[in-house]
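To keep things clear, I will list the structure first and then write my remarks on it.
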Amino acid sequence: MSRAVEIDLPEVVLSGDLTMPEGARALVIFAHGSGSSRHSTRNRFVARRINEEGLGTLLMDLLTEDEERVDEVTRELRFDIGLLARRVAQVVEWAARQRELAGMKVGLFGSSTGAAAALVAAAELSEVAVQAVVSRGGRPDLAGRALRRVPCPVLLIVGGRDEVVIELNEQARAEMRCETELVIVPGATHLFEEAGALEQVADLAAGWLKSRMREELET
């Protein structure tokens, strides 16, 4: 079942798209990257693959329409990791209050700056709030000191030709104390536009999230 939702947060109301396969017991919340939104074709592709594994997905805008218009000019809000992380954390808390989502295990999928926001949110929330984080072509380094406080398993996926981002991910991985895996997709650039690259990302993310969140469900 898929439907549009309004996510009522303390400061703003965000728009989202919720998909819940029948029998789903876990939810993956997407935090989009720089200058993107819940309409990101790449994130939607990954979300469909995650749905095939029986996990629910919530794609949402981290900025309001007014904020997006400002950001298109200034490009400041997309790098305001504190703001984005606060909203990701608030969305996790919002989901816990919804009748159909309450009690579900939660994973986060972040791309670009959204990956940093997801990691900071996981660090700021209680240890049981988020069970796993996946980063696609992300900037986990922007999570700063929060990296050492991330309590859940983290998968970092980077394109093999995205050399600068590989280095930044390796630096971030060295800072984290949780279970962390870095997977490099051979021949892929930052946006994974090469034939078959995004499919590899989707398979990696779906399989990893399912395995980690199944462990949480069974404990």
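Identifiers for the structure tokens are assigned positionally: chains receive A, B, ... in sequence, residues are indexed from 1 per chain, and ligands are indexed from 1 in the order shown.
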Every residue of range 39-209 of chain A that DSSP places in alpha helix (DSSP H), as a short mmCIF file (atom, residue, chain, number, x, y, z; two decimals) with C-alpha atoms, in the first residue's frame:
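After the write, out.cif holds the following:
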data_model
loop_
_atom_site.label_atom_id
_atom_site.label_comp_id
_atom_site.auth_asym_id
_atom_site.auth_seq_id
_atom_site.Cartn_x
_atom_site.Cartn_y
_atom_site.Cartn_z
CA THR A 41 14.36 8.85 -9.10
CA ARG A 42 17.42 7.16 -7.61
CA ASN A 43 15.99 6.95 -4.10
CA ARG A 44 12.65 5.76 -5.46
CA PHE A 45 14.43 3.00 -7.37
CA VAL A 46 16.21 1.88 -4.20
CA ALA A 47 12.97 2.14 -2.20
CA ARG A 48 11.16 -0.21 -4.59
CA ARG A 49 13.93 -2.77 -4.17
CA ILE A 50 13.68 -2.46 -0.39
CA ASN A 51 9.90 -2.93 -0.62
CA GLU A 52 10.50 -6.18 -2.49
CA GLU A 65 8.48 24.37 -0.48
CA ASP A 66 9.40 27.86 0.75
CA GLU A 67 12.71 26.60 2.12
CA GLU A 68 13.46 24.79 -1.12
CA ARG A 69 12.95 28.01 -3.08
CA VAL A 70 15.42 29.78 -0.80
CA ASP A 71 17.88 26.91 -1.00
CA GLU A 72 17.80 26.91 -4.81
CA VAL A 73 19.32 30.39 -4.62
CA THR A 74 21.55 30.23 -1.53
CA ILE A 81 23.32 19.26 8.82
CA GLY A 82 21.97 20.32 12.20
CA LEU A 83 18.63 21.33 10.69
CA LEU A 84 18.37 18.25 8.48
CA ALA A 85 19.35 15.86 11.28
CA ARG A 86 16.81 17.40 13.64
CA ARG A 87 14.09 16.82 11.08
CA VAL A 88 15.15 13.25 10.40
CA ALA A 89 15.04 12.56 14.14
CA GLN A 90 11.63 14.20 14.41
CA VAL A 91 10.32 12.06 11.55
CA VAL A 92 11.50 8.93 13.37
CA GLU A 93 9.62 10.11 16.45
CA TRP A 94 6.57 10.98 14.33
CA ALA A 95 6.52 7.47 12.86
CA ALA A 96 6.56 5.96 16.35
CA ARG A 97 3.36 7.87 17.15
CA THR A 113 24.36 15.36 2.81
CA GLY A 114 21.30 13.35 3.85
CA ALA A 115 23.67 10.58 4.96
CA ALA A 116 25.29 12.91 7.49
CA ALA A 117 21.85 13.97 8.70
CA ALA A 118 20.82 10.33 9.13
CA LEU A 119 23.96 9.51 11.13
CA VAL A 120 23.58 12.52 13.41
CA ALA A 121 19.91 11.65 13.96
CA ALA A 122 20.80 8.06 14.85
CA ALA A 123 23.40 9.32 17.31
CA GLU A 124 21.00 11.79 18.93
CA GLU A 163 37.70 9.16 -5.36
CA VAL A 164 37.28 12.19 -3.11
CA VAL A 165 34.12 10.78 -1.55
CA ILE A 166 35.80 7.38 -1.04
CA GLU A 167 38.49 9.12 1.01
CA LEU A 168 35.91 11.04 3.04
CA ASN A 169 33.98 7.83 3.72
CA GLU A 170 37.14 6.05 4.82
CA GLN A 171 37.89 8.90 7.24
CA ALA A 172 34.36 8.75 8.64
CA ARG A 173 34.51 4.97 8.97
CA ALA A 174 37.67 5.28 11.04
CA GLU A 175 35.84 7.56 13.46
CA ALA A 197 25.46 0.63 -10.89
CA LEU A 198 22.26 1.74 -9.19
CA GLU A 199 20.96 -1.83 -9.30
CA GLN A 200 24.02 -2.87 -7.30
CA VAL A 201 23.35 -0.09 -4.79
CA ALA A 202 19.73 -1.16 -4.42
CA ASP A 203 20.64 -4.84 -3.95
CA LEU A 204 23.34 -4.01 -1.41
CA ALA A 205 21.09 -1.70 0.58
CA ALA A 206 18.05 -3.98 0.54
CA GLY A 207 19.97 -7.09 1.49
CA TRP A 208 21.96 -5.39 4.22
CA LEU A 209 18.97 -3.63 5.77
#
Handout entry: Between CA of Leu63 in chain A and CA of Val133 in chain A, distance in Å (one decimal)
Key = 20.7 Å
Practice task
Skip range 176-181 of chain A itself and residues of its chain fewer than 3 positions away, then list as a list in words all residues within 7 Å of it, counting only C-alpha atoms.
Solution key: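 That gives Leu147, Arg148, Val150, Pro151, Cys152, Pro153, Val154, Leu155, Leu156, Ala172 and Arg173 of chain A.
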Take the residues just selected and output them with N, CA and C atoms as a tab-separated table (two decimals), in the first residue's frame.
chain	number	residue	atom	x	y	z
A	147	LEU	N	29.76	11.00	14.81
A	147	LEU	CA	30.15	9.69	14.26
A	147	LEU	C	30.50	8.70	15.36
A	148	ARG	N	31.16	9.15	16.38
A	148	ARG	CA	31.59	8.25	17.45
A	148	ARG	C	30.43	7.77	18.31
A	150	VAL	N	27.28	7.02	17.01
A	150	VAL	CA	26.29	6.24	16.25
A	150	VAL	C	26.23	4.84	16.83
A	151	PRO	N	25.07	4.39	17.32
A	151	PRO	CA	24.99	3.11	18.04
A	151	PRO	C	24.67	1.89	17.19
A	152	CYS	N	24.26	2.11	15.93
A	152	CYS	CA	23.74	1.00	15.12
A	152	CYS	C	24.67	0.69	13.94
A	153	PRO	N	24.51	-0.45	13.30
A	153	PRO	CA	25.33	-0.81	12.13
A	153	PRO	C	25.15	0.19	10.98
A	154	VAL	N	26.25	0.46	10.28
A	154	VAL	CA	26.24	1.44	9.19
A	154	VAL	C	26.89	0.83	7.94
A	155	LEU	N	26.21	0.95	6.80
A	155	LEU	CA	26.75	0.53	5.51
A	155	LEU	C	27.01	1.76	4.66
A	156	LEU	N	28.24	1.91	4.19
A	156	LEU	CA	28.64	3.03	3.34
A	156	LEU	C	28.85	2.50	1.92
A	172	ALA	N	35.52	8.86	7.75
A	172	ALA	CA	34.36	8.75	8.64
A	172	ALA	C	34.29	7.36	9.26
A	173	ARG	N	34.55	6.35	8.46
A	173	ARG	CA	34.51	4.97	8.97
A	173	ARG	C	35.49	4.80	10.12
Practice task
Find the residues around Leu18 in chain A up to 8 Å (only C-alpha atoms counted), leave out those fewer than 6 positions away in its own chain, and share them as a list in words.
Solution key: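 Within the cut-off, the hits are Ser2, Arg3, Ala4, Val5, Gly56, Thr57, Leu58 and Leu59 of chain A.
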Handout entry: Those of range 148-199 of chain A in DSSP strand (DSSP E), formatted as a list in words
Key =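 DSSP on the backbone gives strand (DSSP E) at Val154, Leu155, Leu156, Ile157, Val158, Gly159, Thr180, Glu181, Leu182, Val183, Ile184 and Val185 of chain A.
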Range 73-166 of chain A residues near range 19-28 of chain A within 6 Å, closest pair each, using only C-alpha atoms, as JSON lines:
{"residue": "A:Met104", "atom": "CA", "partner": "A:Ala26", "partner_atom": "CA", "distance": 4.9}
{"residue": "A:Lys105", "atom": "CA", "partner": "A:Ala26", "partner_atom": "CA", "distance": 4.6}
{"residue": "A:Val106", "atom": "CA", "partner": "A:Leu27", "partner_atom": "CA", "distance": 4.9}
{"residue": "A:Gly107", "atom": "CA", "partner": "A:Val28", "partner_atom": "CA", "distance": 4.5}
{"residue": "A:Leu108", "atom": "CA", "partner": "A:Val28", "partner_atom": "CA", "distance": 5.4}
Would you mind exporting all heavy atoms of the selected residues as a PDB file, in the first residue's frame?
ATOM      1  N   MET A 104       7.384  -0.490  15.027  1.00  0.00           N
ATOM      2  CA  MET A 104       8.212  -1.022  13.946  1.00  0.00           C
ATOM      3  C   MET A 104       9.689  -0.686  14.160  1.00  0.00           C
ATOM      4  O   MET A 104      10.034   0.351  14.718  1.00  0.00           O
ATOM      5  CB  MET A 104       7.774  -0.439  12.598  1.00  0.00           C
ATOM      6  CG  MET A 104       6.462  -0.987  12.111  1.00  0.00           C
ATOM      7  SD  MET A 104       6.270  -0.719  10.342  1.00  0.00           S
ATOM      8  CE  MET A 104       4.795  -1.703  10.041  1.00  0.00           C
ATOM      9  N   LYS A 105      10.552  -1.583  13.715  1.00  0.00           N
ATOM     10  CA  LYS A 105      11.971  -1.290  13.685  1.00  0.00           C
ATOM     11  C   LYS A 105      12.219  -0.262  12.582  1.00  0.00           C
ATOM     12  O   LYS A 105      11.524  -0.241  11.561  1.00  0.00           O
ATOM     13  CB  LYS A 105      12.783  -2.555  13.421  1.00  0.00           C
ATOM     14  CG  LYS A 105      12.585  -3.637  14.486  1.00  0.00           C
ATOM     15  CD  LYS A 105      12.972  -3.131  15.864  1.00  0.00           C
ATOM     16  CE  LYS A 105      12.804  -4.202  16.912  1.00  0.00           C
ATOM     17  NZ  LYS A 105      13.138  -3.719  18.269  1.00  0.00           N
ATOM     18  N   VAL A 106      13.211   0.598  12.789  1.00  0.00           N
ATOM     19  CA  VAL A 106      13.454   1.702  11.856  1.00  0.00           C
ATOM     20  C   VAL A 106      14.890   1.686  11.357  1.00  0.00           C
ATOM     21  O   VAL A 106      15.840   1.532  12.130  1.00  0.00           O
ATOM     22  CB  VAL A 106      13.162   3.060  12.535  1.00  0.00           C
ATOM     23  CG1 VAL A 106      13.585   4.223  11.628  1.00  0.00           C
ATOM     24  CG2 VAL A 106      11.674   3.183  12.873  1.00  0.00           C
ATOM     25  N   GLY A 107      15.044   1.842  10.038  1.00  0.00           N
ATOM     26  CA  GLY A 107      16.341   2.032   9.420  1.00  0.00           C
ATOM     27  C   GLY A 107      16.342   3.352   8.682  1.00  0.00           C
ATOM     28  O   GLY A 107      15.279   3.879   8.330  1.00  0.00           O
ATOM     29  N   LEU A 108      17.515   3.908   8.451  1.00  0.00           N
ATOM     30  CA  LEU A 108      17.639   5.175   7.724  1.00  0.00           C
ATOM     31  C   LEU A 108      18.499   4.964   6.486  1.00  0.00           C
ATOM     32  O   LEU A 108      19.509   4.259   6.531  1.00  0.00           O
ATOM     33  CB  LEU A 108      18.277   6.251   8.610  1.00  0.00           C
ATOM     34  CG  LEU A 108      17.548   6.595   9.919  1.00  0.00           C
ATOM     35  CD1 LEU A 108      18.355   7.626  10.707  1.00  0.00           C
ATOM     36  CD2 LEU A 108      16.144   7.122   9.636  1.00  0.00           C
TER      37      LEU A 108
END
Exercise for the section: For each of A:Ala143, A:Met60, A:Ala132, A:Val183, take the minimum atom-to-atom distance to Glu6 in chain A, counting only C-alpha atoms, then give the residue where this is smallest. Expected result: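 Selected residue with least distance to Glu6 in chain A: A:Met60.
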Fill in the blank from the handout: Judged by only C-alpha atoms, the minimum distance to Arg136 in chain A among A:Leu191, A:Leu55, A:Leu101, A:Val13 is found for A:Leu191
Exercise for the section: Rounded to one decimal place, report the CA of His190 in chain A-CA of Asp61 in chain A distance in Å. Expected result: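 According to the coordinates, CA of His190 in chain A and CA of Asp61 in chain A are separated by 21.3 Å.
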